[in-house]
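Here the structure is laid out as structure tokens; the discussion comes afterwards.
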Amino acid sequence: MDSSIDCQVVLTKINEFYRITTSDSDEIIKASLQDILQLWPEVIQAGKTATDDELFTLNVSRAVLTQIFAIALSKDFFSKDHSLVREIFFTLFNILIDYMNIFKEKLSTYIDSNIRLILKMATSITSLVRFQDGDLSKSSDQQLLIAMREHIDNDNEYDSLSDGCLSLIWNLSDRTILVPILLKAEYGKSVIEWIEIRQTKFREDKIDAPIHILHNLVRHDDGIKQFNDLNALEVIEHIKFEPSTSDDEIDITLHLGIIRALLTDLDLIKQDSTKYSHKLVNMLLQFSISAIKNERYRHDGFHVSEPLTVLVKLFHNDQILHDILIKNETKPPSTLQSIIELFTSYLSKFYPKIHLDNDILDNYTCVLIFNLFWILSKYEQYRQAIRDCESLMELVKTAANDQQSFVDTFMPHTLKSIQDAVNEILRNLNSIS
């Protein structure tokens, strides 16, 4: 069979997908997306031997893949069907594995365009994938992650391929369960280098990406250890702001404050509050409150667990805790009672299904909130407010008697387990029966 016929067969298969519209049934749209992604390696391969006319048609055909993917996004399939979004993500990721040599050597513009599209699609759904232990741990997965990192490292012109790689890595790093995988692929040292030369290495809209990636990586204890070994604190202390349309100084100030707190030893935080301004702590409290009131528990890109992790750590410093509870500038103003009631509402929704739901962020946030209440319970002036919240006390007592102890897979060592936290709360309230 000659190359022309091979390409024509592929184009005929592609033509079958042009008929898919938003009016088709969910089953047809899902099946079409699965089928066209399974076909796409053939589409990429066909370009190697296509005639000029065939190559033109193949290039145009990318629009149908984009169209079906966009239809699936518009139908909200990926946030509702957890098995589907996993399947689609790993199908895309495996296509990248098959063509990882593009990150090491110059290939055709046709292949480059297809890989950039696959990168963009994988990036767009990464936040919706429920990753599990063992994901992205195969040798081929590691080789791809390393190839993408090295491409960014060695690309002095920062091409569109590097931009796509950086976006995917940024989103992967936001999934804390994957942090050890990225660290194994040696992203630690590279991220520090990217931060140091970010003003000249990256495009304007990605200048701050390495800082965001660092923030994501230090949300895991393994990241904290590695970046402390790399003297990351010293690097972020030397970051200079050069305001531009893409460099949000308030946003980066918040991220740098979070990074500093996560990398700093807890004993040092207990002793010194001067590195954490009242403005920063107020921002963390505001973000936590705004996120927990949002139906997706996010605010300005942050999941509630991100600012709350830092608040809980900073609240081990008496002065920081008391100052923000006595005087804060949140909107609306927050009182001790309103804070307790708000975070209890989250526990009431998610703690009862903590053993049933495998949503890592939901479960981890429950750990954080119980730790927050444990810290508050250590102070006599806050105990009555905890006692007065009946729904909280019921949850605390239920958790204390829970025989099925929940274990968080990436809980920072500075946090207590749920059972330890609630037992300490009861002990502090003198309520142990």
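In the structure tokens, each chain is lettered A, B, ... as it comes, each chain's residues begin at 1, and ligands are numbered from 1 in order of appearance.
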
List the neighbours of A:Thr49 out to 12 Å using only C-alpha atoms; skip same-chain residues closer than 2 positions along the sequence, and give me the result as a PyMOL selection string.
chain A and resi 2-8+42-47+51-55+58+108+110

I'd like the contact shell of A:Pro180 - 9 Å cut-off, only C-alpha atoms, skipping same-chain residues fewer than 5 positions apart - returned as a PDB file with all heavy atoms, in the first residue's frame.
```
ATOM      1  N   ALA A 185      12.002  13.645  38.724  1.00  0.00           N
ATOM      2  CA  ALA A 185      12.434  14.063  37.380  1.00  0.00           C
ATOM      3  C   ALA A 185      13.326  15.303  37.437  1.00  0.00           C
ATOM      4  O   ALA A 185      13.593  15.929  36.404  1.00  0.00           O
ATOM      5  CB  ALA A 185      11.215  14.326  36.497  1.00  0.00           C
ATOM      6  N   LEU A 217       5.181  22.947  44.520  1.00  0.00           N
ATOM      7  CA  LEU A 217       6.080  21.862  44.914  1.00  0.00           C
ATOM      8  C   LEU A 217       6.373  21.863  46.413  1.00  0.00           C
ATOM      9  O   LEU A 217       6.585  20.795  47.010  1.00  0.00           O
ATOM     10  CB  LEU A 217       7.386  21.941  44.118  1.00  0.00           C
ATOM     11  CG  LEU A 217       7.260  21.709  42.605  1.00  0.00           C
ATOM     12  CD1 LEU A 217       8.618  21.902  41.925  1.00  0.00           C
ATOM     13  CD2 LEU A 217       6.713  20.316  42.299  1.00  0.00           C
ATOM     14  N   HIS A 220       4.305  19.996  49.508  1.00  0.00           N
ATOM     15  CA  HIS A 220       4.573  18.615  49.906  1.00  0.00           C
ATOM     16  C   HIS A 220       5.858  18.598  50.732  1.00  0.00           C
ATOM     17  O   HIS A 220       6.820  19.312  50.432  1.00  0.00           O
ATOM     18  CB  HIS A 220       4.719  17.753  48.655  1.00  0.00           C
ATOM     19  CG  HIS A 220       4.701  16.274  48.902  1.00  0.00           C
ATOM     20  ND1 HIS A 220       5.710  15.618  49.573  1.00  0.00           N
ATOM     21  CD2 HIS A 220       3.794  15.318  48.557  1.00  0.00           C
ATOM     22  CE1 HIS A 220       5.425  14.325  49.628  1.00  0.00           C
ATOM     23  NE2 HIS A 220       4.264  14.123  49.023  1.00  0.00           N
ATOM     24  N   ASP A 222       8.215  16.512  50.803  1.00  0.00           N
ATOM     25  CA  ASP A 222       9.383  16.165  49.982  1.00  0.00           C
ATOM     26  C   ASP A 222       9.918  17.401  49.269  1.00  0.00           C
ATOM     27  O   ASP A 222      11.131  17.572  49.116  1.00  0.00           O
ATOM     28  CB  ASP A 222       9.014  15.099  48.945  1.00  0.00           C
ATOM     29  CG  ASP A 222       8.742  13.734  49.564  1.00  0.00           C
ATOM     30  OD1 ASP A 222       8.888  13.606  50.802  1.00  0.00           O
ATOM     31  OD2 ASP A 222       8.378  12.801  48.825  1.00  0.00           O
ATOM     32  N   GLY A 223       8.990  18.264  48.826  1.00  0.00           N
ATOM     33  CA  GLY A 223       9.405  19.504  48.174  1.00  0.00           C
ATOM     34  C   GLY A 223      10.086  20.446  49.141  1.00  0.00           C
ATOM     35  O   GLY A 223      11.087  21.087  48.808  1.00  0.00           O
TER      36      GLY A 223
END
```

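Near A:Ile354, within 10 Å and counting only C-alpha atoms, sit Leu347, Lys349, Phe350, Asn358, Asp359, Ile360, Asp362, Asn363, Tyr364, Cys366 and Phe406 of chain A, not including residues fewer than 4 positions from it in the same chain.
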
Convert the current residue selection to file output with C-alpha atoms, as a compact mmCIF listing (two decimals), in the first residue's frame.
```
# COMPACT_ATOMS: atom_id res chain seq x y z
CA LEU A 347 -16.53 19.90 57.96
CA LYS A 349 -20.36 18.62 54.45
CA PHE A 350 -17.16 16.65 53.89
CA ASN A 358 -11.32 9.75 47.39
CA ASP A 359 -11.08 13.47 46.72
CA ILE A 360 -7.67 14.25 48.20
CA ASP A 362 -11.56 17.63 50.35
CA ASN A 363 -10.08 15.16 52.81
CA TYR A 364 -6.91 17.14 53.36
CA CYS A 366 -10.78 18.46 56.79
CA PHE A 406 -8.19 8.48 58.32
```

Polymer residues at most 12 Å from A:Ile197, only C-alpha atoms, same-chain spacing of 3 or more positions, as a ChimeraX atom specification:
/A:153,156,190-194,200-203,207-211,235,238-240

For A:Leu168, please output as a PDB file with all heavy atoms, in the first residue's frame all residues within 6 Å (counting only C-alpha atoms; exclusion window: fewer than 3 positions along the same chain).
```pdb
ATOM      1  N   THR A 123      -3.180  19.942  29.349  1.00  0.00           N
ATOM      2  CA  THR A 123      -3.094  20.995  30.364  1.00  0.00           C
ATOM      3  C   THR A 123      -4.473  21.440  30.825  1.00  0.00           C
ATOM      4  O   THR A 123      -4.707  21.653  32.017  1.00  0.00           O
ATOM      5  CB  THR A 123      -2.327  22.209  29.791  1.00  0.00           C
ATOM      6  OG1 THR A 123      -1.004  21.807  29.440  1.00  0.00           O
ATOM      7  CG2 THR A 123      -2.250  23.329  30.815  1.00  0.00           C
ATOM      8  N   CYS A 165       4.955  23.085  27.383  1.00  0.00           N
ATOM      9  CA  CYS A 165       5.511  22.226  28.439  1.00  0.00           C
ATOM     10  C   CYS A 165       5.376  22.891  29.803  1.00  0.00           C
ATOM     11  O   CYS A 165       4.978  22.255  30.786  1.00  0.00           O
ATOM     12  CB  CYS A 165       6.981  21.924  28.160  1.00  0.00           C
ATOM     13  SG  CYS A 165       7.284  20.830  26.767  1.00  0.00           S
ATOM     14  N   ASN A 171       0.440  22.935  35.825  1.00  0.00           N
ATOM     15  CA  ASN A 171      -0.807  22.303  36.276  1.00  0.00           C
ATOM     16  C   ASN A 171      -0.573  20.969  36.961  1.00  0.00           C
ATOM     17  O   ASN A 171      -1.262  20.627  37.932  1.00  0.00           O
ATOM     18  CB  ASN A 171      -1.755  22.123  35.087  1.00  0.00           C
ATOM     19  CG  ASN A 171      -2.468  23.418  34.721  1.00  0.00           C
ATOM     20  OD1 ASN A 171      -2.051  24.494  35.130  1.00  0.00           O
ATOM     21  ND2 ASN A 171      -3.531  23.319  33.958  1.00  0.00           N
TER      22      ASN A 171
END
```

Which polymer residues have any atom within 8 Å of an atom of stretch 76-92 of chain A, counting only C-alpha atoms, with same-chain residues fewer than 4 positions away left out, as a compact mmCIF listing (two decimals) with N, CA and C atoms, in the first residue's frame?
```
# COMPACT_ATOMS: atom_id res chain seq x y z
N GLN A 34 -13.23 9.72 22.44
CA GLN A 34 -12.34 8.59 22.68
C GLN A 34 -11.78 8.03 21.38
N LEU A 37 -9.22 10.42 19.52
CA LEU A 37 -7.92 10.45 20.20
C LEU A 37 -7.15 9.17 19.96
N GLN A 38 -7.87 8.04 19.87
CA GLN A 38 -7.20 6.79 19.54
C GLN A 38 -6.67 6.83 18.10
N ALA A 72 -17.00 18.50 24.30
CA ALA A 72 -16.94 17.75 25.55
C ALA A 72 -16.75 18.69 26.75
N LEU A 96 2.06 12.02 23.89
CA LEU A 96 3.28 12.80 24.13
C LEU A 96 4.47 11.89 24.35
N ILE A 118 -1.85 18.74 21.60
CA ILE A 118 -2.01 17.69 22.62
C ILE A 118 -1.60 18.23 23.99
N LEU A 119 -0.51 18.98 24.04
CA LEU A 119 -0.08 19.60 25.30
C LEU A 119 -1.16 20.51 25.86
N MET A 121 -4.41 20.48 25.28
CA MET A 121 -5.57 19.72 25.75
C MET A 121 -5.29 19.05 27.09
N ALA A 122 -4.14 18.42 27.22
CA ALA A 122 -3.79 17.76 28.48
C ALA A 122 -3.75 18.77 29.62
N ILE A 125 -7.25 19.89 31.18
CA ILE A 125 -8.05 18.99 32.02
C ILE A 125 -7.29 18.43 33.21
N THR A 126 -6.03 18.81 33.36
CA THR A 126 -5.21 18.27 34.45
C THR A 126 -5.85 18.51 35.82
N LEU A 128 -8.79 18.50 36.67
CA LEU A 128 -10.00 17.71 36.88
C LEU A 128 -9.72 16.22 37.08
N VAL A 129 -8.47 15.82 36.87
CA VAL A 129 -8.11 14.40 36.99
C VAL A 129 -7.88 14.04 38.45
N ARG A 130 -8.49 12.95 38.88
CA ARG A 130 -8.23 12.44 40.23
C ARG A 130 -7.04 11.48 40.15
N PHE A 131 -5.87 12.05 40.34
CA PHE A 131 -4.66 11.23 40.27
C PHE A 131 -4.57 10.30 41.47
```

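Here atom CA of A:Lys13 stands at a distance of 29.0 Å from atom CA of A:Ser160.
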
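Note that atom CA of A:Ser74 and atom CA of A:Gly301 are 20.3 Å apart.
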
Which parts of stretch 225-346 of chain A does DSSP call strand (DSSP E) when run on the backbone here, written out as a ChimeraX atom specification?
/A:298-299,302-303

So that each row is one residue of stretch 299-373 of chain A with an atom at most 8 Å from stretch 283-289 of chain A, can you give its shortest atom pair and the distance in Å to one decimal, using only C-alpha atoms, rows by chain and rising number, as JSON lines?
```
{"residue": "A:His299", "atom": "CA", "partner": "A:Phe287", "partner_atom": "CA", "distance": 6.3}
{"residue": "A:Phe302", "atom": "CA", "partner": "A:Phe287", "partner_atom": "CA", "distance": 7.7}
{"residue": "A:Val304", "atom": "CA", "partner": "A:Ser288", "partner_atom": "CA", "distance": 5.1}
{"residue": "A:Ser305", "atom": "CA", "partner": "A:Ser288", "partner_atom": "CA", "distance": 7.6}
{"residue": "A:Pro307", "atom": "CA", "partner": "A:Leu284", "partner_atom": "CA", "distance": 5.2}
{"residue": "A:Leu308", "atom": "CA", "partner": "A:Ser288", "partner_atom": "CA", "distance": 5.9}
{"residue": "A:Val310", "atom": "CA", "partner": "A:Leu284", "partner_atom": "CA", "distance": 7.7}
{"residue": "A:Leu311", "atom": "CA", "partner": "A:Leu284", "partner_atom": "CA", "distance": 6.6}
{"residue": "A:Thr330", "atom": "CA", "partner": "A:Gln286", "partner_atom": "CA", "distance": 5.4}
{"residue": "A:Lys331", "atom": "CA", "partner": "A:Gln286", "partner_atom": "CA", "distance": 7.3}
{"residue": "A:Leu342", "atom": "CA", "partner": "A:Ile289", "partner_atom": "CA", "distance": 7.8}
```

Keeping all heavy atoms, export the residues of the selection given above as a PDB file, in the first residue's frame.
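Output (selection-v5.pdb):
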```
ATOM      1  N   HIS A 299     -10.603  30.380  45.139  1.00  0.00           N
ATOM      2  CA  HIS A 299     -10.654  31.838  44.972  1.00  0.00           C
ATOM      3  C   HIS A 299      -9.378  32.293  44.295  1.00  0.00           C
ATOM      4  O   HIS A 299      -8.263  32.007  44.773  1.00  0.00           O
ATOM      5  CB  HIS A 299     -10.784  32.542  46.331  1.00  0.00           C
ATOM      6  CG  HIS A 299     -10.735  34.041  46.231  1.00  0.00           C
ATOM      7  ND1 HIS A 299     -11.738  34.790  45.651  1.00  0.00           N
ATOM      8  CD2 HIS A 299      -9.765  34.931  46.608  1.00  0.00           C
ATOM      9  CE1 HIS A 299     -11.413  36.066  45.696  1.00  0.00           C
ATOM     10  NE2 HIS A 299     -10.226  36.175  46.265  1.00  0.00           N
ATOM     11  N   PHE A 302      -6.692  29.770  43.897  1.00  0.00           N
ATOM     12  CA  PHE A 302      -6.304  29.020  45.093  1.00  0.00           C
ATOM     13  C   PHE A 302      -7.440  28.112  45.556  1.00  0.00           C
ATOM     14  O   PHE A 302      -8.582  28.565  45.681  1.00  0.00           O
ATOM     15  CB  PHE A 302      -5.983  29.968  46.259  1.00  0.00           C
ATOM     16  CG  PHE A 302      -4.683  30.694  46.143  1.00  0.00           C
ATOM     17  CD1 PHE A 302      -4.603  31.910  45.487  1.00  0.00           C
ATOM     18  CD2 PHE A 302      -3.530  30.176  46.717  1.00  0.00           C
ATOM     19  CE1 PHE A 302      -3.409  32.601  45.394  1.00  0.00           C
ATOM     20  CE2 PHE A 302      -2.328  30.851  46.629  1.00  0.00           C
ATOM     21  CZ  PHE A 302      -2.261  32.075  45.963  1.00  0.00           C
ATOM     22  N   VAL A 304      -9.056  26.333  48.781  1.00  0.00           N
ATOM     23  CA  VAL A 304      -9.084  26.781  50.171  1.00  0.00           C
ATOM     24  C   VAL A 304      -7.949  26.167  50.990  1.00  0.00           C
ATOM     25  O   VAL A 304      -7.425  26.791  51.926  1.00  0.00           O
ATOM     26  CB  VAL A 304     -10.452  26.461  50.822  1.00  0.00           C
ATOM     27  CG1 VAL A 304     -10.748  24.968  50.806  1.00  0.00           C
ATOM     28  CG2 VAL A 304     -10.518  27.002  52.244  1.00  0.00           C
ATOM     29  N   SER A 305      -7.543  24.962  50.656  1.00  0.00           N
ATOM     30  CA  SER A 305      -6.491  24.299  51.434  1.00  0.00           C
ATOM     31  C   SER A 305      -5.144  25.017  51.337  1.00  0.00           C
ATOM     32  O   SER A 305      -4.315  24.894  52.247  1.00  0.00           O
ATOM     33  CB  SER A 305      -6.323  22.847  50.969  1.00  0.00           C
ATOM     34  OG  SER A 305      -5.913  22.793  49.610  1.00  0.00           O
ATOM     35  N   PRO A 307      -4.186  28.565  51.107  1.00  0.00           N
ATOM     36  CA  PRO A 307      -3.942  29.589  52.134  1.00  0.00           C
ATOM     37  C   PRO A 307      -4.162  29.059  53.543  1.00  0.00           C
ATOM     38  O   PRO A 307      -3.488  29.494  54.486  1.00  0.00           O
ATOM     39  CB  PRO A 307      -4.963  30.685  51.786  1.00  0.00           C
ATOM     40  CG  PRO A 307      -6.035  29.998  51.018  1.00  0.00           C
ATOM     41  CD  PRO A 307      -5.341  28.914  50.248  1.00  0.00           C
ATOM     42  N   LEU A 308      -5.090  28.101  53.687  1.00  0.00           N
ATOM     43  CA  LEU A 308      -5.380  27.581  55.022  1.00  0.00           C
ATOM     44  C   LEU A 308      -4.198  26.794  55.580  1.00  0.00           C
ATOM     45  O   LEU A 308      -3.927  26.845  56.793  1.00  0.00           O
ATOM     46  CB  LEU A 308      -6.635  26.704  54.971  1.00  0.00           C
ATOM     47  CG  LEU A 308      -7.204  26.264  56.320  1.00  0.00           C
ATOM     48  CD1 LEU A 308      -7.512  27.456  57.211  1.00  0.00           C
ATOM     49  CD2 LEU A 308      -8.465  25.417  56.112  1.00  0.00           C
ATOM     50  N   VAL A 310      -1.113  27.468  55.192  1.00  0.00           N
ATOM     51  CA  VAL A 310      -0.148  28.453  55.701  1.00  0.00           C
ATOM     52  C   VAL A 310      -0.672  29.127  56.966  1.00  0.00           C
ATOM     53  O   VAL A 310       0.074  29.331  57.931  1.00  0.00           O
ATOM     54  CB  VAL A 310       0.165  29.500  54.620  1.00  0.00           C
ATOM     55  CG1 VAL A 310       1.214  30.481  55.125  1.00  0.00           C
ATOM     56  CG2 VAL A 310       0.654  28.817  53.353  1.00  0.00           C
ATOM     57  N   LEU A 311      -1.963  29.463  56.984  1.00  0.00           N
ATOM     58  CA  LEU A 311      -2.545  30.063  58.187  1.00  0.00           C
ATOM     59  C   LEU A 311      -2.367  29.161  59.397  1.00  0.00           C
ATOM     60  O   LEU A 311      -1.980  29.623  60.479  1.00  0.00           O
ATOM     61  CB  LEU A 311      -4.040  30.329  57.974  1.00  0.00           C
ATOM     62  CG  LEU A 311      -4.458  31.666  57.366  1.00  0.00           C
ATOM     63  CD1 LEU A 311      -5.970  31.736  57.288  1.00  0.00           C
ATOM     64  CD2 LEU A 311      -3.911  32.846  58.170  1.00  0.00           C
ATOM     65  N   THR A 330     -10.924  41.708  56.704  1.00  0.00           N
ATOM     66  CA  THR A 330     -11.601  40.888  55.707  1.00  0.00           C
ATOM     67  C   THR A 330     -12.954  41.520  55.357  1.00  0.00           C
ATOM     68  O   THR A 330     -13.492  42.318  56.110  1.00  0.00           O
ATOM     69  CB  THR A 330     -11.831  39.454  56.218  1.00  0.00           C
ATOM     70  OG1 THR A 330     -12.657  39.504  57.389  1.00  0.00           O
ATOM     71  CG2 THR A 330     -10.525  38.772  56.550  1.00  0.00           C
ATOM     72  N   LYS A 331     -13.460  41.122  54.198  1.00  0.00           N
ATOM     73  CA  LYS A 331     -14.761  41.623  53.753  1.00  0.00           C
ATOM     74  C   LYS A 331     -15.691  40.434  53.536  1.00  0.00           C
ATOM     75  O   LYS A 331     -15.455  39.632  52.649  1.00  0.00           O
ATOM     76  CB  LYS A 331     -14.601  42.421  52.461  1.00  0.00           C
ATOM     77  CG  LYS A 331     -13.717  43.650  52.627  1.00  0.00           C
ATOM     78  CD  LYS A 331     -13.543  44.373  51.300  1.00  0.00           C
ATOM     79  CE  LYS A 331     -12.617  45.584  51.457  1.00  0.00           C
ATOM     80  NZ  LYS A 331     -12.409  46.291  50.182  1.00  0.00           N
ATOM     81  N   LEU A 342     -18.029  29.177  59.844  1.00  0.00           N
ATOM     82  CA  LEU A 342     -17.765  28.998  58.421  1.00  0.00           C
ATOM     83  C   LEU A 342     -16.990  27.708  58.163  1.00  0.00           C
ATOM     84  O   LEU A 342     -17.372  26.907  57.284  1.00  0.00           O
ATOM     85  CB  LEU A 342     -16.974  30.193  57.880  1.00  0.00           C
ATOM     86  CG  LEU A 342     -16.709  30.199  56.373  1.00  0.00           C
ATOM     87  CD1 LEU A 342     -18.017  30.230  55.590  1.00  0.00           C
ATOM     88  CD2 LEU A 342     -15.829  31.393  56.001  1.00  0.00           C
TER      89      LEU A 342
END
```

What lies within 6 Å of A:His316 using only C-alpha atoms, ignoring chain neighbours under 2 positions off, as an NGL selection string?
:A and (270 or 313-314)

Restricting it to N, CA and C atoms, dump the selection as a CSV table (one decimal), in the first residue's frame.
```
chain,number,residue,atom,x,y,z
A,270,LYS,N,7.4,30.0,65.3
A,270,LYS,CA,6.9,30.3,66.6
A,270,LYS,C,7.6,31.4,67.3
A,313,LYS,N,-0.2,26.9,59.9
A,313,LYS,CA,1.2,26.9,60.4
A,313,LYS,C,1.6,28.2,61.1
A,314,LEU,N,1.2,29.3,60.5
A,314,LEU,CA,1.5,30.6,61.1
A,314,LEU,C,0.8,30.8,62.5
```
